Structure formats: structure tokens, C-alpha cells
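Asks: Just one file: target.cif, with mmCIF, C-alpha atoms.
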data_structure
#
loop_
_atom_site.group_PDB
_atom_site.id
_atom_site.type_symbol
_atom_site.label_atom_id
_atom_site.label_comp_id
_atom_site.auth_asym_id
_atom_site.auth_seq_id
_atom_site.Cartn_x
_atom_site.Cartn_y
_atom_site.Cartn_z
ATOM 1 C CA MET R 1412 34.479 -0.663 -3.266
ATOM 2 C CA GLN R 1413 32.447 1.095 -0.582
ATOM 3 C CA VAL R 1414 31.270 3.694 -3.076
ATOM 4 C CA GLY R 1415 30.163 0.920 -5.414
ATOM 5 C CA GLU R 1416 28.156 -0.745 -2.651
ATOM 6 C CA LEU R 1417 26.463 2.547 -1.844
ATOM 7 C CA ALA R 1418 25.697 3.112 -5.516
ATOM 8 C CA LEU R 1419 24.201 -0.361 -5.821
ATOM 9 C CA ALA R 1420 21.979 0.249 -2.804
ATOM 10 C CA LEU R 1421 20.894 3.574 -4.283
ATOM 11 C CA VAL R 1422 19.939 2.028 -7.633
ATOM 12 C CA LEU R 1423 18.126 -1.005 -6.208
ATOM 13 C CA SER R 1424 16.180 0.891 -3.565
ATOM 14 C CA ALA R 1425 15.246 3.547 -6.127
ATOM 15 C CA ALA R 1426 13.927 0.812 -8.430
ATOM 16 C CA ILE R 1427 11.716 -0.517 -5.639
ATOM 17 C CA GLY R 1428 10.608 2.993 -4.726
ATOM 18 C CA LEU R 1429 9.736 3.763 -8.348
ATOM 19 C CA GLU R 1430 7.304 0.843 -8.413
ATOM 20 C CA ARG R 1431 5.676 2.146 -5.225
ATOM 21 C CA GLU R 1432 5.563 5.680 -6.633
ATOM 22 C CA ILE R 1433 3.824 4.510 -9.815
ATOM 23 C CA ARG R 1434 1.199 2.791 -7.677
ATOM 24 C CA GLN R 1435 0.804 6.050 -5.720
ATOM 25 C CA LYS R 1436 1.519 4.548 -2.326
ATOM 26 C CA SER R 1437 2.057 6.592 0.805
ATOM 27 C CA ALA R 1438 5.790 5.799 0.743
ATOM 28 C CA GLY R 1439 7.185 6.296 -2.741
ATOM 29 C CA LEU R 1440 10.417 6.848 -4.613
ATOM 30 C CA ARG R 1441 12.151 9.179 -2.180
ATOM 31 C CA THR R 1442 11.249 7.280 0.989
ATOM 32 C CA HIS R 1443 12.359 3.877 -0.302
ATOM 33 C CA THR R 1444 15.533 5.280 -1.836
ATOM 34 C CA LEU R 1445 16.512 6.981 1.405
ATOM 35 C CA VAL R 1446 15.746 3.870 3.465
ATOM 36 C CA GLY R 1447 17.858 1.561 1.292
ATOM 37 C CA PHE R 1448 20.647 4.116 0.868
ATOM 38 C CA GLY R 1449 20.756 4.853 4.585
ATOM 39 C CA ALA R 1450 20.731 1.160 5.508
ATOM 40 C CA ALA R 1451 23.719 0.571 3.241
ATOM 41 C CA LEU R 1452 25.631 3.441 4.833
ATOM 42 C CA ILE R 1453 24.914 2.138 8.334
ATOM 43 C CA MET R 1454 26.196 -1.280 7.282
ATOM 44 C CA LEU R 1455 29.403 0.272 5.940
ATOM 45 C CA VAL R 1456 29.860 2.309 9.104
ATOM 46 C CA SER R 1457 29.300 -0.843 11.147
ATOM 47 C CA LYS R 1458 31.958 -2.681 9.135
ATOM 48 C CA TYR R 1459 34.636 -0.026 8.690
ATOM 49 C CA GLY R 1460 33.778 2.976 10.846
ATOM 50 C CA PHE R 1461 35.508 1.868 14.049
ATOM 51 C CA SER R 1462 38.755 0.488 12.682
ATOM 52 C CA ASP R 1463 40.736 3.399 14.123
ATOM 53 C CA VAL R 1464 39.733 2.633 17.722
ATOM 54 C CA LEU R 1465 40.152 -1.136 17.656
ATOM 55 C CA SER R 1466 43.011 -2.612 19.650
ATOM 56 C CA GLU R 1467 43.776 -5.539 21.876
ATOM 57 C CA ARG R 1468 41.814 -3.850 24.656
ATOM 58 C CA VAL R 1469 38.971 -2.508 22.506
ATOM 59 C CA MET R 1470 36.819 -5.026 20.703
ATOM 60 C CA LEU R 1471 33.554 -4.219 18.925
ATOM 61 C CA ASP R 1472 30.782 -6.348 17.516
ATOM 62 C CA PRO R 1473 29.987 -4.902 14.053
ATOM 63 C CA SER R 1474 26.653 -6.685 13.931
ATOM 64 C CA ARG R 1475 25.262 -4.618 16.820
ATOM 65 C CA VAL R 1476 25.027 -1.415 14.776
ATOM 66 C CA ALA R 1477 23.521 -3.239 11.823
ATOM 67 C CA ALA R 1478 20.961 -4.923 14.059
ATOM 68 C CA GLN R 1479 19.561 -1.533 15.030
ATOM 69 C CA ILE R 1480 18.410 -1.036 11.419
ATOM 70 C CA VAL R 1481 15.880 -3.803 11.882
ATOM 71 C CA SER R 1482 14.556 -2.175 15.047
ATOM 72 C CA GLY R 1483 14.625 1.348 13.679
ATOM 73 C CA ILE R 1484 12.859 0.536 10.442
ATOM 74 C CA GLY R 1485 9.926 -0.729 12.490
ATOM 75 C CA PHE R 1486 9.078 2.860 13.460
ATOM 76 C CA ILE R 1487 8.759 3.869 9.816
ATOM 77 C CA GLY R 1488 6.724 0.784 9.017
ATOM 78 C CA ALA R 1489 4.406 1.385 11.947
ATOM 79 C CA GLY R 1490 3.819 4.924 10.751
ATOM 80 C CA LEU R 1491 2.634 3.632 7.376
ATOM 81 C CA ILE R 1492 0.038 1.277 8.839
ATOM 82 C CA PHE R 1493 -3.264 2.669 10.003
ATOM 83 C CA VAL R 1494 -6.476 1.059 11.129
ATOM 84 C CA ARG R 1495 -9.834 2.624 10.404
ATOM 85 C CA ARG R 1496 -12.689 0.683 11.897
ATOM 86 C CA ASP R 1497 -12.271 -2.829 10.484
ATOM 87 C CA ALA R 1498 -9.996 -1.823 7.593
ATOM 88 C CA VAL R 1499 -6.207 -2.071 7.794
ATOM 89 C CA ARG R 1500 -4.147 -0.132 5.266
ATOM 90 C CA GLY R 1501 -0.430 0.102 4.534
ATOM 91 C CA LEU R 1502 0.721 -3.413 5.452
ATOM 92 C CA THR R 1503 2.239 -4.105 2.032
ATOM 93 C CA THR R 1504 3.968 -0.727 1.882
ATOM 94 C CA ALA R 1505 5.412 -1.266 5.366
ATOM 95 C CA ALA R 1506 6.663 -4.702 4.296
ATOM 96 C CA VAL R 1507 8.289 -3.193 1.197
ATOM 97 C CA ILE R 1508 10.025 -0.584 3.356
ATOM 98 C CA TRP R 1509 11.383 -3.416 5.504
ATOM 99 C CA LEU R 1510 12.519 -5.303 2.392
ATOM 100 C CA THR R 1511 14.193 -2.166 0.985
ATOM 101 C CA ALA R 1512 16.157 -1.795 4.197
ATOM 102 C CA ALA R 1513 17.252 -5.416 3.876
ATOM 103 C CA VAL R 1514 18.358 -4.795 0.282
ATOM 104 C CA GLY R 1515 20.387 -1.798 1.418
ATOM 105 C CA MET R 1516 21.961 -3.851 4.207
ATOM 106 C CA ALA R 1517 22.901 -6.610 1.781
ATOM 107 C CA ALA R 1518 24.425 -4.116 -0.649
ATOM 108 C CA GLY R 1519 26.351 -2.420 2.144
ATOM 109 C CA ALA R 1520 27.612 -5.782 3.376
ATOM 110 C CA GLY R 1521 28.960 -6.588 -0.080
ATOM 111 C CA LEU R 1522 26.353 -9.251 -0.791
ATOM 112 C CA TRP R 1523 25.506 -7.682 -4.144
ATOM 113 C CA LEU R 1524 24.085 -10.846 -5.714
ATOM 114 C CA LEU R 1525 21.605 -11.339 -2.877
ATOM 115 C CA ALA R 1526 20.615 -7.674 -3.042
ATOM 116 C CA ILE R 1527 19.893 -7.932 -6.772
ATOM 117 C CA LEU R 1528 17.985 -11.206 -6.407
ATOM 118 C CA VAL R 1529 15.795 -9.847 -3.611
ATOM 119 C CA THR R 1530 15.038 -6.728 -5.661
ATOM 120 C CA ALA R 1531 14.061 -8.915 -8.606
ATOM 121 C CA GLY R 1532 11.944 -10.997 -6.234
ATOM 122 C CA HIS R 1533 10.116 -7.864 -5.167
ATOM 123 C CA PHE R 1534 9.009 -7.182 -8.730
ATOM 124 C CA VAL R 1535 7.970 -10.806 -9.202
ATOM 125 C CA VAL R 1536 5.776 -10.599 -6.111
ATOM 126 C CA MET R 1537 4.235 -7.252 -7.038
ATOM 127 C CA PHE R 1538 3.597 -7.866 -10.727
ATOM 128 C CA ALA R 1539 3.059 -11.620 -10.863
ATOM 129 C CA LEU R 1540 1.318 -12.396 -7.591
ATOM 130 C CA THR R 1541 -0.965 -9.363 -7.492
ATOM 131 C CA PRO R 1542 -3.114 -10.541 -10.451
ATOM 132 C CA LEU R 1543 -3.098 -14.032 -8.963
ATOM 133 C CA VAL R 1544 -4.412 -12.766 -5.637
ATOM 134 C CA ALA R 1545 -7.181 -10.896 -7.455
ATOM 135 C CA ARG R 1546 -8.312 -14.149 -9.088
ATOM 136 C CA LEU R 1547 -8.385 -16.175 -5.895
ATOM 137 C CA PRO R 1548 -11.845 -16.782 -4.449
ATOM 138 C CA HIS R 1549 -12.710 -14.336 -1.702
ATOM 139 C CA SER R 1550 -14.568 -15.157 1.463
ATOM 140 C CA LYS R 1551 -18.142 -13.983 1.351
ATOM 141 C CA TYR R 1552 -17.595 -12.458 4.780
ATOM 142 C CA ALA R 1553 -14.644 -10.340 3.628
ATOM 143 C CA PRO R 1554 -15.350 -6.597 3.249
ATOM 144 C CA SER R 1555 -15.555 -5.156 -0.269
ATOM 145 C CA ARG R 1556 -14.994 -1.582 -1.411
ATOM 146 C CA LEU R 1557 -17.444 0.119 -3.741
ATOM 147 C CA ARG R 1558 -17.130 3.458 -5.484
ATOM 148 C CA LEU R 1559 -20.385 5.322 -6.031
ATOM 149 C CA VAL R 1560 -20.786 8.304 -8.333
ATOM 150 C CA TYR R 1561 -24.076 10.110 -7.915
ATOM 151 C CA LEU R 1562 -25.827 13.443 -8.283
ATOM 152 C CA ASP R 1563 -26.091 15.533 -5.149
ATOM 153 C CA GLY R 1564 -29.395 16.702 -3.782
ATOM 154 C CA ARG R 1565 -31.487 13.642 -4.653
ATOM 155 C CA GLY R 1566 -31.170 11.679 -1.442
ATOM 156 C CA VAL R 1567 -29.103 8.984 -3.154
ATOM 157 C CA MET R 1568 -26.973 8.066 -0.149
ATOM 158 C CA ARG R 1569 -30.037 7.665 2.036
ATOM 159 C CA GLN R 1570 -31.438 5.172 -0.463
ATOM 160 C CA VAL R 1571 -28.065 3.419 -0.752
ATOM 161 C CA LEU R 1572 -27.790 2.895 3.002
ATOM 162 C CA ALA R 1573 -31.385 1.719 3.195
ATOM 163 C CA LEU R 1574 -30.849 -0.796 0.390
ATOM 164 C CA CYS R 1575 -27.648 -2.112 2.015
ATOM 165 C CA ALA R 1576 -29.497 -2.612 5.288
ATOM 166 C CA GLU R 1577 -32.374 -4.304 3.477
ATOM 167 C CA ARG R 1578 -29.961 -6.797 1.911
ATOM 168 C CA HIS R 1579 -28.184 -7.330 5.258
ATOM 169 C CA PHE R 1580 -24.947 -5.585 4.298
ATOM 170 C CA LEU R 1581 -23.048 -3.668 6.951
ATOM 171 C CA VAL R 1582 -21.606 -0.366 5.716
ATOM 172 C CA GLY R 1583 -18.223 0.337 7.271
ATOM 173 C CA GLU R 1584 -15.769 2.913 5.962
ATOM 174 C CA LEU R 1585 -17.362 5.798 4.060
ATOM 175 C CA SER R 1586 -15.227 8.510 2.463
ATOM 176 C CA ILE R 1587 -15.873 11.232 -0.116
ATOM 177 C CA GLU R 1588 -13.325 11.781 -2.861
ATOM 178 C CA GLN R 1589 -12.006 15.239 -3.536
ATOM 179 C CA ARG R 1590 -14.203 16.914 -6.079
ATOM 180 C CA ASP R 1591 -12.863 17.542 -9.558
ATOM 181 C CA GLU R 1592 -13.352 21.155 -10.626
ATOM 182 C CA ASP R 1593 -13.704 20.086 -14.267
ATOM 183 C CA ARG R 1594 -16.568 17.742 -13.393
ATOM 184 C CA ASP R 1595 -20.169 18.689 -12.782
ATOM 185 C CA PRO R 1596 -20.182 20.222 -9.258
ATOM 186 C CA ARG R 1597 -23.359 18.293 -8.522
ATOM 187 C CA THR R 1598 -21.519 14.991 -8.968
ATOM 188 C CA ILE R 1599 -20.097 13.306 -5.858
ATOM 189 C CA SER R 1600 -17.818 10.267 -5.686
ATOM 190 C CA VAL R 1601 -17.918 8.141 -2.542
ATOM 191 C CA TRP R 1602 -15.926 5.079 -1.488
ATOM 192 C CA MET R 1603 -17.654 2.772 0.949
ATOM 193 C CA THR R 1604 -16.863 -0.595 2.487
ATOM 194 C CA VAL R 1605 -19.642 -3.181 2.671
ATOM 195 C CA GLN R 1606 -19.636 -6.533 4.421
ATOM 196 C CA GLY R 1607 -22.268 -9.242 4.332
ATOM 197 C CA ASN R 1608 -23.006 -12.815 3.343
ATOM 198 C CA GLY R 1609 -24.784 -11.853 0.109
ATOM 199 C CA SER R 1610 -23.473 -11.240 -3.400
ATOM 200 C CA VAL R 1611 -21.679 -7.910 -3.794
ATOM 201 C CA SER R 1612 -22.331 -7.989 -7.548
ATOM 202 C CA GLU R 1613 -26.057 -8.345 -6.965
ATOM 203 C CA LEU R 1614 -25.940 -5.518 -4.439
ATOM 204 C CA ALA R 1615 -24.118 -3.324 -6.962
ATOM 205 C CA ALA R 1616 -26.690 -4.143 -9.634
ATOM 206 C CA ALA R 1617 -29.505 -3.186 -7.265
ATOM 207 C CA LEU R 1618 -27.744 0.040 -6.292
ATOM 208 C CA ALA R 1619 -27.333 0.973 -9.956
ATOM 209 C CA GLU R 1620 -31.124 1.119 -10.258
ATOM 210 C CA ILE R 1621 -31.345 4.019 -7.816
ATOM 211 C CA ASP R 1622 -32.329 7.235 -9.547
ATOM 212 C CA GLY R 1623 -29.457 9.719 -9.512
ATOM 213 C CA LEU R 1624 -26.750 7.091 -9.053
ATOM 214 C CA LEU R 1625 -24.485 7.332 -12.103
ATOM 215 C CA SER R 1626 -22.183 4.336 -11.573
ATOM 216 C CA VAL R 1627 -21.137 1.651 -9.109
ATOM 217 C CA SER R 1628 -17.666 0.160 -9.355
ATOM 218 C CA GLY R 1629 -15.220 -1.754 -7.220
ATOM 219 C CA HIS R 1630 -12.608 -4.484 -7.240
ATOM 220 C CA ASP R 1631 -15.085 -7.180 -8.232
ATOM 221 C CA VAL R 1632 -17.913 -5.210 -9.826
ATOM 222 C CA ASN R 1633 -18.291 -2.544 -12.480
ATOM 223 C CA THR R 1634 -21.906 -1.604 -12.949
ATOM 224 C CA PRO R 1635 -22.505 1.642 -14.877
ATOM 225 C CA ARG R 1636 -25.861 3.297 -14.755
ATOM 226 C CA PRO R 1637 -27.850 2.241 -17.908
#
Now, as a test, write the supplied structure out as C-alpha cells.
Replies:
Amino acid sequence: MQVGELALALVLSAAIGLEREIRQKSAGLRTHTLVGFGAALIMLVSKYGFSDVLSERVMLDPSRVAAQIVSGIGFIGAGLIFVRRDAVRGLTTAAVIWLTAAVGMAAGAGLWLLAILVTAGHFVVMFALTPLVARLPHSKYAPSRLRLVYLDGRGVMRQVLALCAERHFLVGELSIEQRDEDRDPRTISVWMTVQGNGSVSELAAALAEIDGLLSVSGHDVNTPRP
């Protein structure tokens, strides 16, 4: 019975981790599998691991060991969340780690139906709600991420920053992607975060007119250089 509960935790947590691995998140298949598997083992130890020392004089609360999973998993979740300027990353992955631990706890406690239902609920949230969130109207004050591909040595970024300032957009996070050796070495890909009360699509269209800028893309825009 205990082996079956461990096996169930292994399968369910691996299924959740596989979804995270496919999406190339910071915590993937191995991390989620180990979290769920370990949580199930701790639950089993909490339930059965102290039976040999129990007596009329020795009484233990099995929930105390299990409760430490909730506290301990917070350290892993906190390590997955990072803040860079005004951008917060890793909240969803940290929440999934927490959910995976809960699935492992449920499996270890013998609540196999709840463990399966919560795992199924995870996939509903990730695959059904994600497209819905993308279609919801966004606040015009919310930051947007743009990916710029341009030719080096033409002063493109200087013109990009000047145009953003002209249209009253604040440029936040700016990061350069790792260059692809198979691509033209003169080509550079940059991710940048912009925030303003104007239209991001109109900004992207204006940026695409800059000489040397090959394409502008993002979550809400996709403007190739004509």
C-alpha cells in the first residue's frame, strides 16, 4: 500500500513536471518529481515511521511532521521568484511547486482521488486558462515585452530608445539574447520591457520603420520589417 502511494506521487508529480519542462521553466521535470515524491515519503514517515516508539507514555502528533512540508517548500518557491526592477518572474512556477508538494502529500496520505483530481486541475489551469488570460484586456499601464532583432553597428538601439522616449514610453528591463552561431553574427536579438499609456502596437509599428531593425515582436504585436 505504501509503495503504491509513493508510485502514485511519483507519476503525478512527474506529469506536472513534464508540463513545466516542455514550457522550459526554471523548475522542470526533475525538480517537480523530487518535490512530489519527497512530500509523499515525508507523509508516510509521519504516519507510520514512529509506530515502534509509541506507548502509553509516548504520544506523537503525526501532523507536525507533515506540516513542515508546507514551511519547507516555501524556501524552494522563494528561490524561484526573482524581481528585476519592476518585473517579477517565477510566481507561477513557485505556485506549481507548492501544488506538486500538496499532490505528493495527498498521495502519501492515501487520498489518491484528491491527488489525481488536483493534478488534472493543474492541466486545466495551464492549458485552458492560459489562452483565456491572453485574451483578457490588459491595462494600458501594464508593462509589455518586445523582442527586437536588428543589425549591429547602425545605431539601432539609440534610435529605439529615442523613439520610446518621444512617445512617452519608459524602457525598463533590457536583455540581449545569446547569439546563435548559425545566424549572421551582425544580428542581435534584444528583449526589452516598455511601459506607457500609448498603444504598444503603434509603438512597434513605428520601431519597425527604423533602418537596420529586422523585426519587432511580442505578446501582443508581431511586426516584421517590410
Asks: Could you check the closest approach to Arg1556 of chain R for each of R:Ala1506, R:Val1627, R:Met1516, R:Val1529 and tell me which residue wins, using all atoms listed in the file?
Replies: R:Val1627
Asks: Please provide as a PyMOL selection string all residues within 8 Å of segment 1509-1511 of chain R, with the sequence filter that same-chain residues fewer than 6 positions apart are discarded (counting only C-alpha atoms).
Replies: chain R and resi 1424+1427+1443+1446-1447+1481+1484-1485+1488
Asks: Of the residues R:Val1571, R:Glu1620, R:Gly1490, R:Met1454, which is the one nearest to Ala1513 of chain R, using all atoms listed in the file?
Replies: R:Met1454
Asks: Identify which of the residues R:Val1611, R:Ala1553, R:Val1560, R:Ala1539 lies closest to Arg1578 of chain R, counting all atoms listed in the file when measuring atom-to-atom distances.
Replies: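 Looking only at the distances to Arg1578 of chain R, the closest residue turns out to be R:Val1611.
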Asks: Residues at most 9 Å from Gly1515 of chain R, counting all atoms listed in the file, excluding those fewer than 3 positions away in the same chain, as a list in words?
Replies: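 Residues near the query, excluding close chain neighbours: Glu1416, Leu1417, Leu1419, Ala1420, Leu1421, Leu1423, Ser1424, Val1446, Gly1447, Phe1448, Gly1449, Ala1450, Ala1451, Leu1452, Met1454, Leu1510, Thr1511, Ala1512, Ala1518, Gly1519, Ala1520 and Ala1526 of chain R.
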Asks: Hey, can you check how far atom CA of Ser1555 of chain R sits from atom CA of Thr1604 of chain R?
Replies: 5.5 Å
Asks: Between R:Gly1501, R:Gly1629, R:Gly1532, R:Gly1415, which residue has the minimum interatomic distance to Met1603 of chain R, considering all atoms listed in the file?
Replies: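 Among R:Gly1501, R:Gly1629, R:Gly1532, R:Gly1415, it is R:Gly1629 that comes nearest to Met1603 of chain R.
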Asks: I need the residue nearest Thr1442 of chain R from this list: R:Ser1586, R:Val1476, R:Leu1429, R:Leu1502. Use all atoms listed in the file for the distance.
Replies: R:Leu1429
Asks: Name the residues, using the chain letters and numbers of the file, that sit within 12 Å of (2.5, -1.6, 2.8) when counting only C-alpha atoms, and give them as a VMD selection string.
Replies: chain R and resid 1428 1431 1434 to 1439 1443 1487 to 1493 1499 to 1511 1537
Asks: Do a neighbour search on Gly1609 of chain R at 9 Å with only C-alpha atoms, toss out local chain neighbours closer than 2 positions, and write the hits as an mmCIF file with C-alpha atoms, in the coordinates of the input.
Replies:
data_model
loop_
_atom_site.group_PDB
_atom_site.id
_atom_site.type_symbol
_atom_site.label_atom_id
_atom_site.label_comp_id
_atom_site.auth_asym_id
_atom_site.auth_seq_id
_atom_site.Cartn_x
_atom_site.Cartn_y
_atom_site.Cartn_z
ATOM 1 C CA LYS R 1551 -18.142 -13.983 1.351
ATOM 2 C CA TYR R 1552 -17.595 -12.458 4.780
ATOM 3 C CA ARG R 1578 -29.961 -6.797 1.911
ATOM 4 C CA HIS R 1579 -28.184 -7.330 5.258
ATOM 5 C CA PHE R 1580 -24.947 -5.585 4.298
ATOM 6 C CA GLN R 1606 -19.636 -6.533 4.421
ATOM 7 C CA GLY R 1607 -22.268 -9.242 4.332
ATOM 8 C CA VAL R 1611 -21.679 -7.910 -3.794
ATOM 9 C CA SER R 1612 -22.331 -7.989 -7.548
ATOM 10 C CA GLU R 1613 -26.057 -8.345 -6.965
ATOM 11 C CA LEU R 1614 -25.940 -5.518 -4.439
#
Asks: Report as a list in words the residues that result from applying the PyMOL selection byres ((chain R and resi 1472) around 12) to the structure here.
Replies: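 Answer for the PyMOL selection byres ((chain R and resi 1472) around 12): Ser1457, Lys1458, Tyr1459, Gly1460, Phe1461, Ser1462, Leu1465, Val1469, Met1470, Leu1471, Pro1473, Ser1474, Arg1475, Val1476, Ala1477 and Ala1478 of chain R.
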Asks: Given the choices R:Val1605, R:Ser1600, R:Phe1486, R:Leu1455, which gets closest to Ala1576 of chain R if the distance is worked out from all atoms listed in the file?
Replies: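 Of R:Val1605, R:Ser1600, R:Phe1486, R:Leu1455, the one nearest Ala1576 of chain R, counting all atoms listed in the file, is R:Val1605.
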Asks: Distance atom CA of Val1536 of chain R-atom CA of Glu1430 of chain R, one decimal place?
Replies: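 Atom CA of Glu1430 of chain R lies 11.8 Å from atom CA of Val1536 of chain R.
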Asks: Could you please determine the separation between atom CA of Glu1588 of chain R and atom CA of Gly1623 of chain R in Å, to one decimal place?
Replies: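 Separating atom CA of Glu1588 of chain R from atom CA of Gly1623 of chain R is a distance of 17.6 Å.
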Asks: Using all atoms of segment 1577-1583 of chain R that appear in the file, construct an axis-aligned enclosing box with 5 Å of padding on every side and provide its centre coordinates and edge lengths in Å, rounded to one decimal, as AutoDock Vina command-line options.
Replies:
--center_x -25.3 --center_y -3.5 --center_z 4.6 --size_x 24.2 --size_y 17.7 --size_z 15.4
Asks: Could you pull segment 1521-1534 of chain R out of the structure just shown and give N, CA and C atoms as a CSV table (one decimal), in the first residue's frame?
Replies:
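And here's selection29.csv as it stands now:
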chain,number,residue,atom,x,y,z
R,1521,GLY,N,-2.8,8.8,1.3
R,1521,GLY,CA,-3.8,7.8,0.9
R,1521,GLY,C,-5.0,8.4,0.2
R,1522,LEU,N,-5.0,9.7,0.0
R,1522,LEU,CA,-6.1,10.4,-0.6
R,1522,LEU,C,-5.8,10.5,-2.1
R,1523,TRP,N,-5.8,9.3,-2.8
R,1523,TRP,CA,-5.4,9.2,-4.1
R,1523,TRP,C,-6.4,9.9,-5.1
R,1524,LEU,N,-7.7,9.9,-4.8
R,1524,LEU,CA,-8.6,10.6,-5.7
R,1524,LEU,C,-8.4,12.1,-5.7
R,1525,LEU,N,-8.1,12.6,-4.5
R,1525,LEU,CA,-7.9,14.1,-4.5
R,1525,LEU,C,-6.6,14.4,-5.2
R,1526,ALA,N,-5.6,13.6,-5.0
R,1526,ALA,CA,-4.3,13.8,-5.7
R,1526,ALA,C,-4.5,13.8,-7.2
R,1527,ILE,N,-5.2,12.9,-7.7
R,1527,ILE,CA,-5.5,12.8,-9.2
R,1527,ILE,C,-6.3,14.0,-9.7
R,1528,LEU,N,-7.3,14.4,-8.9
R,1528,LEU,CA,-8.1,15.5,-9.3
R,1528,LEU,C,-7.4,16.8,-9.3
R,1529,VAL,N,-6.5,17.0,-8.3
R,1529,VAL,CA,-5.7,18.2,-8.3
R,1529,VAL,C,-4.7,18.2,-9.4
R,1530,THR,N,-4.1,17.1,-9.8
R,1530,THR,CA,-3.2,17.1,-10.9
R,1530,THR,C,-4.0,17.4,-12.2
R,1531,ALA,N,-5.2,16.8,-12.4
R,1531,ALA,CA,-6.0,17.2,-13.5
R,1531,ALA,C,-6.3,18.6,-13.6
R,1532,GLY,N,-6.6,19.2,-12.4
R,1532,GLY,CA,-6.9,20.6,-12.3
R,1532,GLY,C,-5.7,21.5,-12.7
R,1533,HIS,N,-4.5,21.0,-12.4
R,1533,HIS,CA,-3.3,21.8,-12.8
R,1533,HIS,C,-3.3,21.9,-14.3
R,1534,PHE,N,-3.6,20.8,-15.1
R,1534,PHE,CA,-3.5,20.9,-16.5
R,1534,PHE,C,-4.7,21.7,-17.1
